[in-house]
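Reproduced below: coords.cif, with mmCIF, C-alpha atoms.
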data_final
#
loop_
_atom_site.label_atom_id
_atom_site.label_comp_id
_atom_site.auth_asym_id
_atom_site.auth_seq_id
_atom_site.Cartn_x
_atom_site.Cartn_y
_atom_site.Cartn_z
CA MET Y 28 -98.12 -36.13 190.22
CA PRO Y 29 -97.06 -33.87 187.37
CA GLU Y 30 -94.22 -34.91 185.11
CA SER Y 31 -92.76 -31.43 184.66
CA ASN Y 32 -93.03 -28.01 186.25
CA ASP Y 33 -94.44 -26.56 183.03
CA GLU Y 34 -97.75 -27.96 184.11
CA PHE Y 35 -97.77 -25.48 186.99
CA VAL Y 36 -96.97 -22.42 184.95
CA LEU Y 37 -100.19 -20.49 184.47
CA ASP Y 38 -100.92 -18.01 181.71
CA GLN Y 39 -100.73 -14.84 183.79
CA LEU Y 40 -102.50 -12.70 181.20
CA ILE Y 41 -105.62 -14.85 181.37
CA HIS Y 42 -105.39 -15.89 184.99
CA VAL Y 43 -106.56 -12.56 186.42
CA PRO Y 44 -110.12 -13.46 187.59
CA ALA Y 45 -111.83 -10.73 185.59
CA ARG Y 46 -109.99 -11.63 182.40
CA LEU Y 47 -110.53 -15.33 182.92
CA ALA Y 48 -114.23 -14.61 183.36
CA ILE Y 49 -114.33 -12.53 180.16
CA MET Y 50 -112.52 -15.24 178.20
CA THR Y 51 -114.74 -17.98 179.65
CA VAL Y 52 -117.93 -16.13 178.80
CA LEU Y 53 -116.68 -15.46 175.28
CA SER Y 54 -115.66 -19.08 174.80
CA SER Y 55 -119.27 -20.21 174.98
CA VAL Y 56 -120.64 -17.75 172.43
CA GLU Y 57 -119.61 -16.55 168.99
CA ALA Y 58 -119.48 -12.94 170.18
CA ALA Y 59 -120.89 -10.81 172.97
CA ASP Y 60 -121.41 -7.09 173.29
CA PHE Y 61 -119.93 -4.84 175.94
CA VAL Y 62 -123.17 -4.61 177.96
CA PHE Y 63 -123.45 -8.38 178.23
CA LEU Y 64 -119.85 -8.75 179.35
CA GLN Y 65 -120.38 -6.03 181.92
CA ARG Y 66 -123.49 -7.77 183.18
CA THR Y 67 -121.89 -11.21 183.49
CA THR Y 68 -118.63 -10.06 185.02
CA GLY Y 69 -119.99 -7.21 187.16
CA LEU Y 70 -117.05 -5.02 186.14
CA THR Y 71 -117.30 -1.27 185.76
CA LYS Y 72 -117.11 0.19 182.26
CA GLY Y 73 -113.58 1.46 182.78
CA ASN Y 74 -112.35 -1.78 184.28
CA LEU Y 75 -113.87 -3.94 181.58
CA SER Y 76 -112.54 -1.62 178.92
CA SER Y 77 -109.01 -1.82 180.26
CA HIS Y 78 -109.10 -5.63 180.52
CA LEU Y 79 -110.43 -5.86 176.97
CA THR Y 80 -107.70 -3.58 175.69
CA LYS Y 81 -105.05 -5.81 177.27
CA LEU Y 82 -106.63 -8.91 175.79
CA GLU Y 83 -106.91 -7.27 172.38
CA GLU Y 84 -103.28 -6.16 172.48
CA ALA Y 85 -102.29 -9.75 173.21
CA GLY Y 86 -104.31 -10.92 170.21
CA LEU Y 87 -106.71 -12.96 172.32
CA VAL Y 88 -109.90 -11.07 171.44
CA LYS Y 89 -111.05 -8.99 168.56
CA ILE Y 90 -113.15 -5.93 169.20
CA GLU Y 91 -115.55 -4.46 166.70
CA LYS Y 92 -117.03 -1.02 167.28
CA LYS Y 93 -120.06 0.06 165.31
CA PHE Y 94 -123.27 2.05 165.61
CA VAL Y 95 -126.60 0.31 166.04
CA ASN Y 96 -129.62 2.63 165.82
CA LYS Y 97 -127.26 5.59 166.21
CA ARG Y 98 -125.91 4.15 169.48
CA PRO Y 99 -122.34 2.92 169.85
CA ASN Y 100 -122.09 -0.85 170.12
CA THR Y 101 -118.95 -2.78 170.94
CA THR Y 102 -118.83 -6.46 170.06
CA VAL Y 103 -116.11 -8.73 171.39
CA ALA Y 104 -115.14 -12.19 170.13
CA LEU Y 105 -112.32 -14.59 170.91
CA THR Y 106 -109.62 -15.07 168.30
CA PRO Y 107 -108.58 -18.65 167.50
CA GLU Y 108 -105.53 -18.14 169.71
CA GLY Y 109 -107.74 -16.81 172.50
CA LYS Y 110 -109.95 -19.91 172.28
CA GLU Y 111 -106.97 -22.19 172.40
CA ARG Y 112 -105.31 -20.44 175.32
CA THR Y 113 -108.49 -20.25 177.37
CA ALA Y 114 -109.14 -23.97 176.94
CA ALA Y 115 -105.51 -24.80 177.74
CA HIS Y 116 -105.62 -22.57 180.81
CA TRP Y 117 -108.72 -24.23 182.20
CA ASP Y 118 -107.21 -27.65 181.57
CA LYS Y 119 -104.16 -26.62 183.53
CA LEU Y 120 -106.27 -25.30 186.41
CA GLU Y 121 -108.28 -28.51 186.50
CA ARG Y 122 -105.07 -30.51 186.68
CA LEU Y 123 -103.80 -28.34 189.53
CA LYS Y 124 -107.11 -28.64 191.30
CA SER Y 125 -107.11 -32.40 190.98
CA LEU Y 126 -103.72 -32.47 192.68
CA SER Y 127 -105.20 -30.85 195.75
CA LYS Y 128 -107.81 -33.53 196.19
CA THR Y 129 -107.33 -36.33 198.62
CA PRO Y 130 -107.83 -39.87 197.31
CA SER Y 131 -111.10 -40.12 199.28
CA GLU Y 132 -112.44 -37.02 197.51
CA GLY Y 133 -111.80 -38.77 194.21
CA MET O 10 -89.82 -23.94 188.24
CA PHE O 11 -92.69 -22.42 190.14
CA PRO O 12 -91.40 -19.97 192.72
CA LEU O 13 -93.48 -18.28 195.39
CA VAL O 14 -92.15 -15.60 197.67
CA VAL O 15 -93.07 -16.19 201.30
CA SER O 16 -91.89 -14.83 204.58
CA ALA O 17 -89.14 -16.66 206.40
CA GLU O 18 -91.38 -16.83 209.47
CA CYS O 19 -94.16 -18.38 207.46
CA GLY O 20 -91.81 -20.93 205.97
CA GLN O 21 -90.26 -21.76 209.32
CA ARG O 22 -93.52 -22.25 211.19
CA LEU O 23 -95.18 -24.27 208.50
CA GLY O 24 -92.02 -26.25 208.10
CA ASP O 25 -92.18 -27.13 211.79
CA LEU O 26 -95.78 -28.20 211.46
CA LEU O 27 -95.08 -30.33 208.45
CA GLN O 28 -91.94 -31.87 209.84
CA PRO O 29 -93.35 -35.33 210.59
CA THR O 30 -94.69 -35.72 207.07
CA CYS O 31 -91.53 -34.37 205.52
CA ALA O 32 -89.40 -36.67 207.60
CA ALA O 33 -91.43 -39.62 206.45
CA ARG O 34 -90.98 -38.49 202.85
CA ARG O 35 -87.28 -37.67 203.28
CA ILE O 36 -87.74 -34.04 202.30
CA PRO O 37 -85.55 -31.35 203.91
CA THR O 38 -87.78 -29.44 206.31
CA LEU O 39 -85.93 -26.40 207.52
CA HIS O 40 -87.62 -24.00 205.15
CA VAL O 41 -90.44 -26.03 203.83
CA VAL O 42 -93.65 -24.12 203.30
CA SER O 43 -97.03 -25.10 202.06
CA VAL O 44 -98.97 -23.92 199.07
CA LEU O 45 -102.61 -23.76 199.92
CA TYR O 46 -105.70 -24.36 197.94
CA GLU O 47 -109.12 -23.91 199.51
CA ARG O 48 -107.50 -24.20 202.92
CA LYS O 49 -106.04 -27.56 202.07
CA VAL O 50 -102.38 -28.16 201.57
CA PHE O 51 -101.80 -28.28 197.89
CA GLY O 52 -98.14 -29.02 197.88
CA ILE O 53 -94.92 -28.16 199.63
CA GLY O 54 -91.55 -26.99 198.54
CA GLU O 55 -88.23 -25.71 199.73
CA VAL O 56 -87.39 -22.07 200.24
CA GLU O 57 -84.35 -20.86 198.36
CA ASP O 58 -83.34 -17.23 198.79
CA GLY O 59 -86.79 -16.23 199.92
CA ALA O 60 -88.54 -17.97 197.03
CA LEU O 61 -90.39 -21.23 197.31
CA VAL O 62 -89.36 -23.67 194.64
CA LEU O 63 -92.10 -26.18 194.17
CA SER O 64 -90.59 -29.20 192.55
CA PRO O 65 -92.69 -32.10 191.31
CA ASP O 66 -91.14 -34.33 193.95
CA ALA O 67 -92.34 -31.99 196.66
CA VAL O 68 -96.00 -32.10 195.66
CA LEU O 69 -97.49 -34.21 198.35
CA SER O 70 -101.02 -32.93 198.39
CA ASN O 71 -102.57 -36.34 198.40
CA VAL O 72 -100.61 -37.30 201.47
CA ILE O 73 -100.70 -34.09 203.44
CA ALA O 74 -104.31 -33.12 202.88
CA GLU O 75 -105.59 -36.23 204.59
CA LYS O 76 -106.86 -34.54 207.69
CA GLY O 77 -107.32 -37.75 209.59
CA GLN O 78 -103.66 -38.55 209.30
CA HIS O 79 -102.48 -35.05 210.04
CA SER O 80 -105.07 -33.60 212.36
CA HIS O 81 -102.64 -30.96 213.64
CA LEU O 82 -103.11 -29.13 210.33
CA GLY O 83 -106.86 -28.86 210.80
CA PRO O 84 -107.10 -25.83 213.12
CA LEU O 85 -104.56 -23.95 211.05
CA PHE O 86 -106.39 -24.27 207.77
CA ALA O 87 -109.96 -24.32 208.98
CA ASN O 88 -110.13 -20.55 209.47
CA GLU O 89 -111.49 -18.31 206.76
CA GLU O 90 -109.07 -15.57 207.67
CA PRO O 91 -105.31 -16.08 207.50
CA VAL O 92 -103.86 -17.05 210.84
CA GLU O 93 -102.13 -14.11 212.43
CA GLY O 94 -98.40 -14.63 212.46
CA LEU O 95 -98.38 -17.10 209.63
CA ARG O 96 -100.43 -15.04 207.22
CA CYS O 97 -99.70 -17.37 204.36
CA TYR O 98 -102.46 -16.03 202.16
CA ARG O 99 -101.54 -12.41 202.59
CA ARG O 100 -97.83 -12.94 202.27
CA ILE O 101 -98.30 -14.72 199.00
CA ASP O 102 -101.13 -12.54 197.70
CA SER O 103 -99.49 -9.25 198.44
CA ASN O 104 -96.15 -10.01 196.90
CA PRO O 105 -95.24 -7.50 194.21
CA PHE O 106 -94.89 -10.14 191.52
CA ARG O 107 -98.39 -10.99 190.42
CA MET O 108 -97.25 -14.14 188.69
CA LEU O 109 -96.30 -15.60 192.02
CA GLY O 110 -99.78 -15.47 193.48
CA LEU O 111 -100.63 -19.13 193.16
CA CYS O 112 -102.46 -19.39 196.43
CA CYS O 113 -104.82 -16.52 195.81
CA LYS O 114 -105.56 -17.42 192.22
CA LEU O 115 -106.33 -21.03 192.87
CA VAL O 116 -108.61 -20.13 195.75
CA GLY O 117 -110.34 -17.76 193.33
CA MET O 118 -110.87 -20.51 190.84
CA GLY O 119 -112.95 -22.44 193.32
CA ASP O 120 -115.46 -19.63 193.55
CA MET O 121 -115.61 -18.73 189.93
CA GLU O 122 -117.26 -21.74 188.48
CA ARG O 123 -116.30 -22.29 184.89
CA LYS O 124 -119.47 -24.13 184.01
CA SER O 125 -121.78 -21.50 185.47
CA LEU O 126 -120.04 -18.76 183.50
CA GLU O 127 -120.24 -20.76 180.32
CA SER O 128 -123.85 -21.72 180.81
CA VAL O 129 -125.01 -18.22 181.71
CA ALA O 130 -123.64 -16.98 178.38
CA ALA O 131 -124.74 -19.94 176.30
CA ASN O 132 -128.26 -20.05 177.79
CA TYR O 133 -128.82 -16.30 177.83
CA PRO O 134 -130.84 -16.16 174.59
CA TYR O 135 -133.16 -18.93 175.80
CA LEU O 136 -133.74 -17.67 179.33
CA GLN O 137 -135.05 -14.28 178.22
CA GLY O 138 -138.38 -15.19 179.70
CA LEU O 139 -140.17 -11.88 179.22
CA TRP O 140 -140.80 -12.86 175.61
CA ALA O 141 -143.20 -15.47 176.92
CA ILE O 142 -145.59 -12.79 178.26
CA PRO O 143 -146.87 -11.53 174.86
CA MET O 144 -146.65 -15.10 173.59
CA GLY O 145 -148.89 -16.29 176.43
CA PHE O 146 -151.39 -13.47 175.87
CA SER O 147 -151.48 -14.26 172.15
CA THR O 148 -152.21 -17.89 172.96
CA ILE O 149 -155.10 -16.84 175.19
CA ILE O 150 -156.47 -14.54 172.46
CA VAL O 151 -156.23 -17.41 169.95
CA GLY O 152 -158.20 -19.48 172.48
CA ILE O 153 -160.90 -16.79 172.76
CA SER O 154 -161.16 -16.41 169.00
CA ASN O 155 -161.58 -20.17 168.57
CA LEU O 156 -164.43 -20.53 171.07
CA GLN O 157 -167.83 -21.46 169.62
CA ARG O 158 -169.45 -18.86 171.82
CA ARG O 159 -166.86 -16.16 171.28
CA PRO O 160 -167.62 -12.44 171.51
CA ALA O 161 -169.48 -11.32 168.44
CA GLY O 162 -168.47 -9.18 165.49
CA LEU O 163 -166.65 -5.96 166.22
CA LEU O 164 -165.81 -6.84 169.79
CA MET O 165 -163.94 -9.96 168.65
CA LEU O 166 -162.23 -7.97 165.91
CA GLY O 167 -161.24 -5.38 168.52
CA ILE O 168 -159.83 -8.08 170.79
CA ILE O 169 -157.78 -9.59 167.96
CA VAL O 170 -156.48 -6.29 166.54
CA GLY O 171 -155.89 -4.82 170.01
CA GLY O 172 -154.18 -8.00 171.12
CA MET O 173 -151.93 -8.02 168.06
CA ALA O 174 -151.04 -4.35 168.53
CA LEU O 175 -150.26 -4.91 172.23
CA THR O 176 -148.18 -7.96 171.38
CA LEU O 177 -146.20 -6.00 168.81
CA VAL O 178 -145.57 -3.12 171.22
CA ALA O 179 -144.60 -5.59 173.95
CA TYR O 180 -142.12 -7.33 171.64
CA LEU O 181 -140.49 -4.01 170.76
CA LEU O 182 -140.26 -2.95 174.40
CA ILE O 183 -138.89 -6.32 175.50
CA ALA O 184 -136.28 -6.32 172.75
CA ARG O 185 -135.18 -2.86 173.82
CA TYR O 186 -135.16 -3.83 177.50
CA TYR O 187 -132.88 -6.80 176.91
CA ARG O 188 -130.62 -4.91 174.53
CA HIS O 189 -130.09 -2.03 176.92
CA ASN O 190 -130.00 -3.88 180.22
CA TYR O 191 -128.44 -7.23 179.42
CA GLY O 192 -126.76 -6.79 176.06
CA GLU O 193 -126.62 -9.20 173.18
CA VAL O 194 -124.72 -12.31 172.25
CA THR O 195 -124.18 -14.08 168.95
CA ARG O 196 -124.83 -17.76 169.35
CA THR O 197 -122.29 -20.33 168.25
CA ARG O 198 -122.99 -22.49 165.21
CA GLY O 199 -123.51 -25.47 167.50
CA ARG O 200 -126.13 -23.57 169.50
CA ARG O 201 -127.94 -22.45 166.37
CA LEU O 202 -128.03 -26.03 165.19
CA ARG O 203 -129.40 -27.12 168.55
CA GLU O 204 -132.02 -24.37 168.27
CA ALA O 205 -133.10 -25.69 164.85
CA VAL O 206 -133.34 -29.20 166.27
CA ALA O 207 -135.46 -27.89 169.17
CA VAL O 208 -137.88 -26.13 166.79
CA VAL O 209 -138.17 -29.23 164.59
CA ALA O 210 -138.74 -31.38 167.70
CA TRP O 211 -141.40 -28.96 169.00
CA VAL O 212 -143.26 -28.92 165.69
CA GLY O 213 -142.80 -32.68 165.32
CA VAL O 214 -144.23 -33.56 168.73
CA LEU O 215 -147.09 -31.13 168.29
CA PHE O 216 -147.80 -32.50 164.80
CA VAL O 217 -147.92 -36.09 166.01
CA GLY O 218 -149.87 -35.26 169.16
CA ALA O 219 -152.42 -32.90 167.68
CA ASN O 220 -152.88 -34.37 164.22
CA ARG O 221 -156.50 -35.14 163.42
CA PHE O 222 -155.50 -38.37 161.67
CA LEU O 223 -153.29 -39.72 164.43
CA LEU O 224 -154.01 -39.41 168.17
CA TRP O 225 -156.39 -36.47 168.21
CA SER O 226 -160.10 -37.23 168.40
CA LEU O 227 -163.11 -35.00 168.99
CA ASP O 228 -164.76 -37.65 171.15
CA SER O 229 -161.79 -38.14 173.45
CA PRO O 230 -162.28 -37.11 177.10
CA LEU O 231 -158.60 -36.13 177.15
CA CYS O 232 -157.10 -32.99 175.69
CA ILE O 233 -154.46 -34.44 173.40
CA TYR O 234 -153.69 -31.03 171.88
CA ALA O 235 -152.67 -29.53 175.26
CA ALA O 236 -150.77 -32.70 176.16
CA ALA O 237 -148.82 -32.50 172.89
CA PHE O 238 -148.17 -28.79 173.45
CA ALA O 239 -146.84 -29.40 176.98
CA LEU O 240 -144.73 -32.36 175.90
CA ALA O 241 -143.36 -30.46 172.89
CA THR O 242 -142.43 -27.53 175.13
CA LEU O 243 -140.68 -29.83 177.61
CA VAL O 244 -138.72 -31.42 174.75
CA CYS O 245 -137.83 -27.98 173.43
CA TYR O 246 -136.59 -26.76 176.85
CA ALA O 247 -134.65 -30.00 177.36
CA ILE O 248 -132.79 -29.48 174.10
CA LEU O 249 -132.17 -25.77 174.53
CA VAL O 250 -131.30 -25.19 178.18
CA GLY O 251 -131.87 -28.46 179.99
CA LEU O 252 -134.97 -29.00 182.09
CA ARG O 253 -135.15 -26.93 185.28
CA ALA O 254 -137.44 -27.61 188.22
CA HIS O 255 -139.99 -24.97 187.20
CA HIS O 256 -140.21 -26.34 183.65
CA ILE O 257 -140.96 -29.81 184.95
CA ILE O 258 -143.49 -28.56 187.51
CA ILE O 259 -145.39 -26.19 185.22
CA TRP O 260 -145.39 -28.20 182.00
CA GLY O 261 -145.63 -31.50 183.84
CA ALA O 262 -148.78 -30.21 185.57
CA VAL O 263 -150.24 -29.09 182.22
CA LEU O 264 -149.39 -32.47 180.70
CA LEU O 265 -151.01 -34.36 183.57
CA ALA O 266 -154.09 -32.13 183.60
CA SER O 267 -154.56 -32.56 179.88
CA LEU O 268 -154.44 -36.34 180.24
CA LEU O 269 -157.17 -36.40 182.90
CA PRO O 270 -160.53 -37.49 181.48
CA ILE O 271 -162.21 -34.19 182.32
CA TRP O 272 -162.29 -32.53 178.93
CA GLY O 273 -165.15 -34.46 177.37
CA GLY O 274 -167.88 -32.04 178.41
CA LEU O 275 -166.35 -29.15 176.49
CA GLY O 276 -167.06 -30.68 173.09
CA VAL O 277 -165.74 -28.64 170.16
CA ASP O 278 -164.51 -25.91 172.52
CA ARG O 279 -162.06 -28.30 174.19
CA ASP O 280 -158.90 -27.20 172.39
CA ALA O 281 -159.87 -23.51 172.51
CA VAL O 282 -160.40 -23.71 176.28
CA ALA O 283 -157.07 -25.52 176.63
CA MET O 284 -155.38 -22.43 175.18
CA PHE O 285 -156.10 -20.56 178.44
CA PRO O 286 -154.02 -22.78 180.75
CA LEU O 287 -151.41 -23.07 178.01
CA GLY O 288 -151.12 -19.28 177.82
CA VAL O 289 -150.90 -18.98 181.60
CA ALA O 290 -148.28 -21.74 181.71
CA LEU O 291 -146.24 -19.95 179.05
CA ILE O 292 -146.29 -16.71 181.05
CA ALA O 293 -145.48 -18.41 184.37
CA SER O 294 -142.68 -20.44 182.84
CA GLY O 295 -141.26 -17.35 181.14
CA LEU O 296 -141.30 -15.29 184.33
CA LEU O 297 -139.44 -18.05 186.17
CA ASP O 298 -136.93 -18.28 183.30
CA GLN O 299 -136.37 -14.55 183.67
CA ARG O 300 -135.82 -14.96 187.41
CA LEU O 301 -133.32 -17.73 186.71
CA LEU O 302 -131.50 -15.49 184.23
CA VAL O 303 -131.27 -12.61 186.71
CA ARG O 304 -130.06 -14.92 189.47
CA SER O 305 -127.42 -16.63 187.36
CA LEU O 306 -126.10 -13.31 186.07
CA ARG O 307 -125.97 -11.96 189.61
CA SER O 308 -124.19 -15.03 190.96
CA SER O 309 -121.61 -15.03 188.16
CA SER O 310 -120.74 -11.37 188.71
CA GLN O 311 -120.65 -11.85 192.51
CA SER O 312 -118.25 -14.78 192.23
CA ILE O 313 -115.91 -12.67 190.10
CA ASP O 314 -116.23 -9.84 192.62
CA SER O 315 -115.14 -12.14 195.41
CA CYS O 316 -112.18 -13.38 193.35
CA ASN O 317 -111.12 -9.82 192.63
CA ALA O 318 -111.46 -8.92 196.29
CA ARG O 319 -109.05 -11.68 197.26
CA GLU O 320 -106.55 -10.72 194.62
#
Would you kindly transcribe this structure into structure tokens?
Amino acid sequence: MPESNDEFVLDQLIHVPARLAIMTVLSSVEAADFVFLQRTTGLTKGNLSSHLTKLEEAGLVKIEKKFVNKRPNTTVALTPEGKERTAAHWDKLERLKSLSKTPSEG
Amino acid sequence: MFPLVVSAECGQRLGDLLQPTCAARRIPTLHVVSVLYERKVFGIGEVEDGALVLSPDAVLSNVIAEKGQHSHLGPLFANEEPVEGLRCYRRIDSNPFRMLGLCCKLVGMGDMERKSLESVAANYPYLQGLWAIPMGFSTIIVGISNLQRRPAGLLMLGIIVGGMALTLVAYLLIARYYRHNYGEVTRTRGRRLREAVAVVAWVGVLFVGANRFLLWSLDSPLCIYAAAFALATLVCYAILVGLRAHHIIIWGAVLLASLLPIWGGLGVDRDAVAMFPLGVALIASGLLDQRLLVRSLRSSSQSIDSCNARE
């Protein structure tokens, strides 16, 4: 049983499934490009772009745009704050999930 | 506090259902509603002015979710679709305040596996199995060029030069294919370190296994070189991505075959001949890695799709 209600308060910016997926993917690599994020999340270009903009505005990711072989290439990486908040968010979700388990489920 | 807006009807009907439990726990029941997670009761709280206030004292998931004790909850929560009339999921999901959508979000979390998302990104560089195709062909060409009775003169030169040119073209095309279709990632420092360890382990095992002054012997009826190659590859896979079924089957089969006493008759050609099954194993293993990559990418994007659909 939680000691305070703060444990239930989820980070709403990250908790949107698409954004949580983006942050989770980025947390296991140093950086990923736009195509890879699109491939792993299955989001459309516009959708992914808008989620990334929100995350960048919140200071959770940093976006680098450059040209590779004359083609535009967008690389995304988590900021230290983004890393911290993603890990904290997953911890919170795990704690909430564990509350829903019966004793027999362990 | 952790408020959730629910309908009065929803609160009333669930409150009625939960009354026995609430009575036992001395919790006011008139407007008690449940917060659901994967169709199990996650916790309950009181409704105040149309908002559910979930206080720590009201979280009784461990008690309420025991279906054996509260079998009357079973039919209500066993359905995939929200029960008409109660519509707990929809009421909560469709409320205008996104931050109140606990039910929907937590259900989503169940589908979107954290570990699978993390592993698909972390393992991506190592599951790009198409690279193994030119590598396998090169191994076979090395085998041909090392045979005692290899094709003579210009033909052999043609095979080597042609093979190298094809390999180079294949590498360029594969690099382009991955870059355009799957994108690129920069590995973490930890992963790069693990990669270095894997390469050192691969070289180390191969060095010990195939060294002329250690285990290798021309007179042996076994093929120690192929055994070392298979073992080194298994070690390398284990360090990089963890052993999958197809790695164990393919490289385990090569390892076993190379340790059967059937290689004696080949004499000095033994190791060169062994390059053929090694090349084929590399290609087969690579193709199955590629299939694994495609499947894991597909399943990660589908799980996010389903979460978004519920939102």
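Atom CA of Met144 of chain O is positioned 15.2 Å from atom CA of Ile168 of chain O.
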Please, what distance in Å, to one decimal, runs between atom CA of Ser147 of chain O and atom CA of Ala247 of chain O? 23.6 Å
When the PyMOL selection byres ((chain Y) within 6 of (chain O)) is applied to the file above, which residues end up in the set, as a PyMOL selection string? chain Y and resi 32+52+55-60+62-63+67-69+127+129
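Using all atoms listed in the file for every distance, the candidate list Y:Ala115, Y:Ile90, Y:Ala85, Y:Met50 yields Y:Ile90 as the residue closest to Val103 of chain Y.
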Explicit residues for the PyMOL selection byres ((chain O and resi 231-246) around 9) (as a ChimeraX atom specification): /O:135,204,206-220,224-226,228-230,247-253,256-257,259-273,279-280,283-284,286-287
